[in-house]
Structure formats: C-alpha cells, structure tokens
Amino acid sequence: MLRYLKMYRSFVGNCLIREMEFRWHFILYSLINLIWMVLALVTFVFIYGHVSLIGSWTLPQMLLLTATFYFFDRVFDTLFEINFSRLNHMVNQGDLDLILTKPVSGQFLVSLRYFSFASLFGAVSMLGLIIWLLARYFWPLAPGELLVYGLLIGLGLVIIYSWWFSTLLLVFWLGKIDNINQLFRPIYEVVRIPIDITGPILKPLLTFVIPLAFVATVPVQVFTRGANYYMLLYGLVVAAVSLWLSNRLWHFALRHYTSASS
C-alpha cells in the first residue's frame, strides 16, 4: 500500500508540473467550469422564485444538493475522468502493453495515472459553497452528521468509479469508440435532481439497483432527515462489491485483449 501511495504522489507531482506549463489552459478551464456550476445554481434560484417546494425540497436544500453533486463531479473528474478518456486510445494504439508489463496493478495505473488540477479548482469552489450553506441554513448540526456525510461521499466515489470503469471495458470487444468514456455520464447526471422525487419506479432503482443516490441525495439527506446508518452500512457493502466486480471484469477483459502493437 505504501508503494502505491508513493507512486500516486509522484503522479500528482508530475501532473502539477505539466499543468503549470499550460497555465492559460488551467485558468480558462477552471473559469468555464465555475461558470457552468454557478449557472446551474442560479437556475434553481429562478425556479424557486415561483414555487416554495419541489417535492419536499426547499431552496437551501436544493442548493446544497446541487453543490454536493458538482463537488462530487469535480472530485471524480480530478481523480478518474481524465484517465477514463485515455483508455480507448491505450487499448487501440497499443499503449496498454507497456502498462501491463509494470509490476503493479494495471487497473490502478489506467485509473489514477493522471490528476486534473483544473477540475480540482471547481471541487474546492463547491466545497466552499457547501460549508457556507451548512453554516447559513443547517447549523447547528447533530453529532456525527459531517462525518457520515463525508463517508457517504467517499462511498459514492467508489461506487460510481466501479460502475463507470466497468462500462469502459466494452472497448476490449467493440474496438475504437472515441466517446465510450461518456457512455455512463447521461445515467449518472440524473442525480442532479433529488432521487426521492423521481417516482415509485426510479427511486428504488436508483437507490438499490443502480445506486446513484449515493452521489448527492443520500449524503444531503443526512442534513435534511438525519444520519441513516443503515444506508451507510448498505453503501459500504455496495462499494466493496462494486469495486471487487470492477476488478474481476478488468481481468476478464484482459483475457480478451489482443495487443495492437504486435
């Protein structure tokens, strides 16, 4: 484990050096991300100018949900999406061959080799907004709520990583598909709205079958309904099983990999 942590620290350092070589890309990408997130938040301000509730959600609760989603999304992009966008090229151009010769986990290398500092700026911005919303509308918090909220976000990251990564493995059978890393995104972005207003079919589906509720709705409900330790335990089990299955699928896909460079 210590070896992997040292390796990841080197990855982050190398990416920081590269990012600073293209500073205007970093600045513009960060600003564009921030503008998109602000517009999404302002949209709900306009909507709540005409209604007081959407389902059972008030404006502060909806803003917290939206901020949590974008915080989650930018953390995910920082850690994983930048790597996911490269897997198609690696498989079809033969770059994966070099990775598979390394004496470390190939899944670790293809998932975490690159780190996006531009996306990290958006995550920090949304974290600041979350803190302000909690202090302004939800304070005081019950003991342990912040910890449970953070744990649920972490479990959500593991769950979404595992499901999203598994969809990328289709490239081993389907060949060159430039946008395969976006295959899962339309499903994932459903959770920008509260899961509990999606109806009697989608609500259990997105909570227990495809557990996307752990992206934003379940964590935010810690502050709106109180900490649900059964959901925390369920999320822990789902995250562990999803990660294990993604690893099994990775090894299964490798058995069907024919080197593009040979």
# chains A, B, ... in the order shown; residues from 1 in each chain; ligands from 1
>>> select_by_dssp(residues="stretch 67-235 of chain A", states="alpha helix (DSSP H)", output="ChimeraX atom specification")
/A:67-76,82-93,95-100,106-112,117-133,145-168,171-174,185-188,202-204,217-224,229-235
>>> residues_around(residues="A:Met231", least_positions_apart="5", cutoff="9 Å", atoms="only C-alpha atoms", output="ChimeraX atom specification")
/A:152,218,236
>>> write_last_selection(atoms="N, CA, C and O atoms", output="short mmCIF file (atom, residue, chain, number, x, y, z; two decimals), in the first residue's frame")
data_model
loop_
_atom_site.label_atom_id
_atom_site.label_comp_id
_atom_site.auth_asym_id
_atom_site.auth_seq_id
_atom_site.Cartn_x
_atom_site.Cartn_y
_atom_site.Cartn_z
N LEU A 152 -20.29 9.04 3.15
CA LEU A 152 -21.20 8.71 2.05
C LEU A 152 -20.67 9.23 0.72
O LEU A 152 -20.80 8.56 -0.31
N VAL A 218 -28.47 10.89 -1.02
CA VAL A 218 -28.27 10.23 0.27
C VAL A 218 -27.35 11.04 1.19
O VAL A 218 -27.67 11.22 2.37
N LEU A 236 -21.50 0.90 2.20
CA LEU A 236 -20.21 0.24 2.40
C LEU A 236 -20.18 -1.11 1.69
O LEU A 236 -19.20 -1.45 1.01
#
>>> residues_around(residues="stretch 138-141 of chain A", least_positions_apart="2", cutoff="10 Å", atoms="only C-alpha atoms", output="VMD selection string")
chain A and resid 60 to 61 64 131 to 136 143 to 146 222 to 224 226
>>> closest_residue(among="A:Leu2, A:Ile99, A:Val148, A:Ile180", to="A:Arg113", atoms="only C-alpha atoms")
A:Ile99
>>> closest_atom_pairs(of="stretch 35-93 of chain A", to="stretch 198-217 of chain A", cutoff="8 Å", atoms="only C-alpha atoms", output="tab-separated table")
residue	atom	partner	partner_atom	distance
A:Leu65	CA	A:Ala216	CA	5.9
A:Thr66	CA	A:Ala216	CA	7.8
A:Thr68	CA	A:Ala216	CA	5.7
A:Phe69	CA	A:Ala216	CA	5.2
A:Phe72	CA	A:Val215	CA	6.7
>>> residues_around(residues="A:Asp77", least_positions_apart="3", cutoff="10 Å", atoms="only C-alpha atoms", output="list in words")
Phe71, Phe72, Asp73, Arg74, Phe80, Glu81, Ile82, Asn83, Phe84, Phe115, Ser116, Phe117, Ala118, Ser119, Leu120, Gly122 and Ala123 of chain A
>>> residues_around(residues="A:Asn179", least_positions_apart="5", cutoff="10 Å", atoms="only C-alpha atoms", output="PyMOL selection string")
chain A and resi 85+88+168
>>> decode(residues="stretch 123-136 of chain A", atoms="N, CA, C and O atoms", output="PDB file, in the first residue's frame")
ATOM      1  N   ALA A 123     -13.907  21.739  -7.554  1.00  0.00           N
ATOM      2  CA  ALA A 123     -14.256  20.999  -6.341  1.00  0.00           C
ATOM      3  C   ALA A 123     -14.072  21.864  -5.103  1.00  0.00           C
ATOM      4  O   ALA A 123     -14.923  21.881  -4.201  1.00  0.00           O
ATOM      5  N   VAL A 124     -12.976  22.601  -5.049  1.00  0.00           N
ATOM      6  CA  VAL A 124     -12.712  23.480  -3.901  1.00  0.00           C
ATOM      7  C   VAL A 124     -13.762  24.587  -3.818  1.00  0.00           C
ATOM      8  O   VAL A 124     -14.243  24.946  -2.732  1.00  0.00           O
ATOM      9  N   SER A 125     -14.159  25.131  -4.972  1.00  0.00           N
ATOM     10  CA  SER A 125     -15.178  26.182  -5.005  1.00  0.00           C
ATOM     11  C   SER A 125     -16.503  25.662  -4.459  1.00  0.00           C
ATOM     12  O   SER A 125     -17.167  26.336  -3.650  1.00  0.00           O
ATOM     13  N   MET A 126     -16.908  24.461  -4.887  1.00  0.00           N
ATOM     14  CA  MET A 126     -18.168  23.890  -4.408  1.00  0.00           C
ATOM     15  C   MET A 126     -18.088  23.503  -2.930  1.00  0.00           C
ATOM     16  O   MET A 126     -19.075  23.616  -2.203  1.00  0.00           O
ATOM     17  N   LEU A 127     -16.926  23.075  -2.483  1.00  0.00           N
ATOM     18  CA  LEU A 127     -16.761  22.770  -1.064  1.00  0.00           C
ATOM     19  C   LEU A 127     -16.963  24.026  -0.221  1.00  0.00           C
ATOM     20  O   LEU A 127     -17.605  23.976   0.837  1.00  0.00           O
ATOM     21  N   GLY A 128     -16.439  25.146  -0.706  1.00  0.00           N
ATOM     22  CA  GLY A 128     -16.655  26.411  -0.006  1.00  0.00           C
ATOM     23  C   GLY A 128     -18.133  26.767   0.068  1.00  0.00           C
ATOM     24  O   GLY A 128     -18.621  27.237   1.114  1.00  0.00           O
ATOM     25  N   LEU A 129     -18.859  26.547  -1.023  1.00  0.00           N
ATOM     26  CA  LEU A 129     -20.293  26.831  -1.034  1.00  0.00           C
ATOM     27  C   LEU A 129     -21.038  25.899  -0.080  1.00  0.00           C
ATOM     28  O   LEU A 129     -21.967  26.324   0.628  1.00  0.00           O
ATOM     29  N   ILE A 130     -20.668  24.626  -0.051  1.00  0.00           N
ATOM     30  CA  ILE A 130     -21.298  23.671   0.862  1.00  0.00           C
ATOM     31  C   ILE A 130     -21.132  24.116   2.303  1.00  0.00           C
ATOM     32  O   ILE A 130     -22.077  24.113   3.100  1.00  0.00           O
ATOM     33  N   ILE A 131     -19.918  24.525   2.661  1.00  0.00           N
ATOM     34  CA  ILE A 131     -19.648  24.987   4.030  1.00  0.00           C
ATOM     35  C   ILE A 131     -20.504  26.207   4.363  1.00  0.00           C
ATOM     36  O   ILE A 131     -21.085  26.307   5.449  1.00  0.00           O
ATOM     37  N   TRP A 132     -20.622  27.141   3.414  1.00  0.00           N
ATOM     38  CA  TRP A 132     -21.428  28.345   3.646  1.00  0.00           C
ATOM     39  C   TRP A 132     -22.903  27.991   3.819  1.00  0.00           C
ATOM     40  O   TRP A 132     -23.578  28.504   4.714  1.00  0.00           O
ATOM     41  N   LEU A 133     -23.423  27.098   2.966  1.00  0.00           N
ATOM     42  CA  LEU A 133     -24.826  26.708   3.066  1.00  0.00           C
ATOM     43  C   LEU A 133     -25.118  26.005   4.392  1.00  0.00           C
ATOM     44  O   LEU A 133     -26.157  26.257   5.025  1.00  0.00           O
ATOM     45  N   LEU A 134     -24.221  25.137   4.810  1.00  0.00           N
ATOM     46  CA  LEU A 134     -24.415  24.447   6.086  1.00  0.00           C
ATOM     47  C   LEU A 134     -24.414  25.435   7.239  1.00  0.00           C
ATOM     48  O   LEU A 134     -25.254  25.348   8.155  1.00  0.00           O
ATOM     49  N   ALA A 135     -23.482  26.381   7.218  1.00  0.00           N
ATOM     50  CA  ALA A 135     -23.404  27.369   8.299  1.00  0.00           C
ATOM     51  C   ALA A 135     -24.602  28.308   8.291  1.00  0.00           C
ATOM     52  O   ALA A 135     -25.074  28.738   9.353  1.00  0.00           O
ATOM     53  N   ARG A 136     -25.118  28.628   7.102  1.00  0.00           N
ATOM     54  CA  ARG A 136     -26.206  29.610   6.978  1.00  0.00           C
ATOM     55  C   ARG A 136     -27.574  29.004   7.245  1.00  0.00           C
ATOM     56  O   ARG A 136     -28.427  29.637   7.889  1.00  0.00           O
TER      57      ARG A 136
END
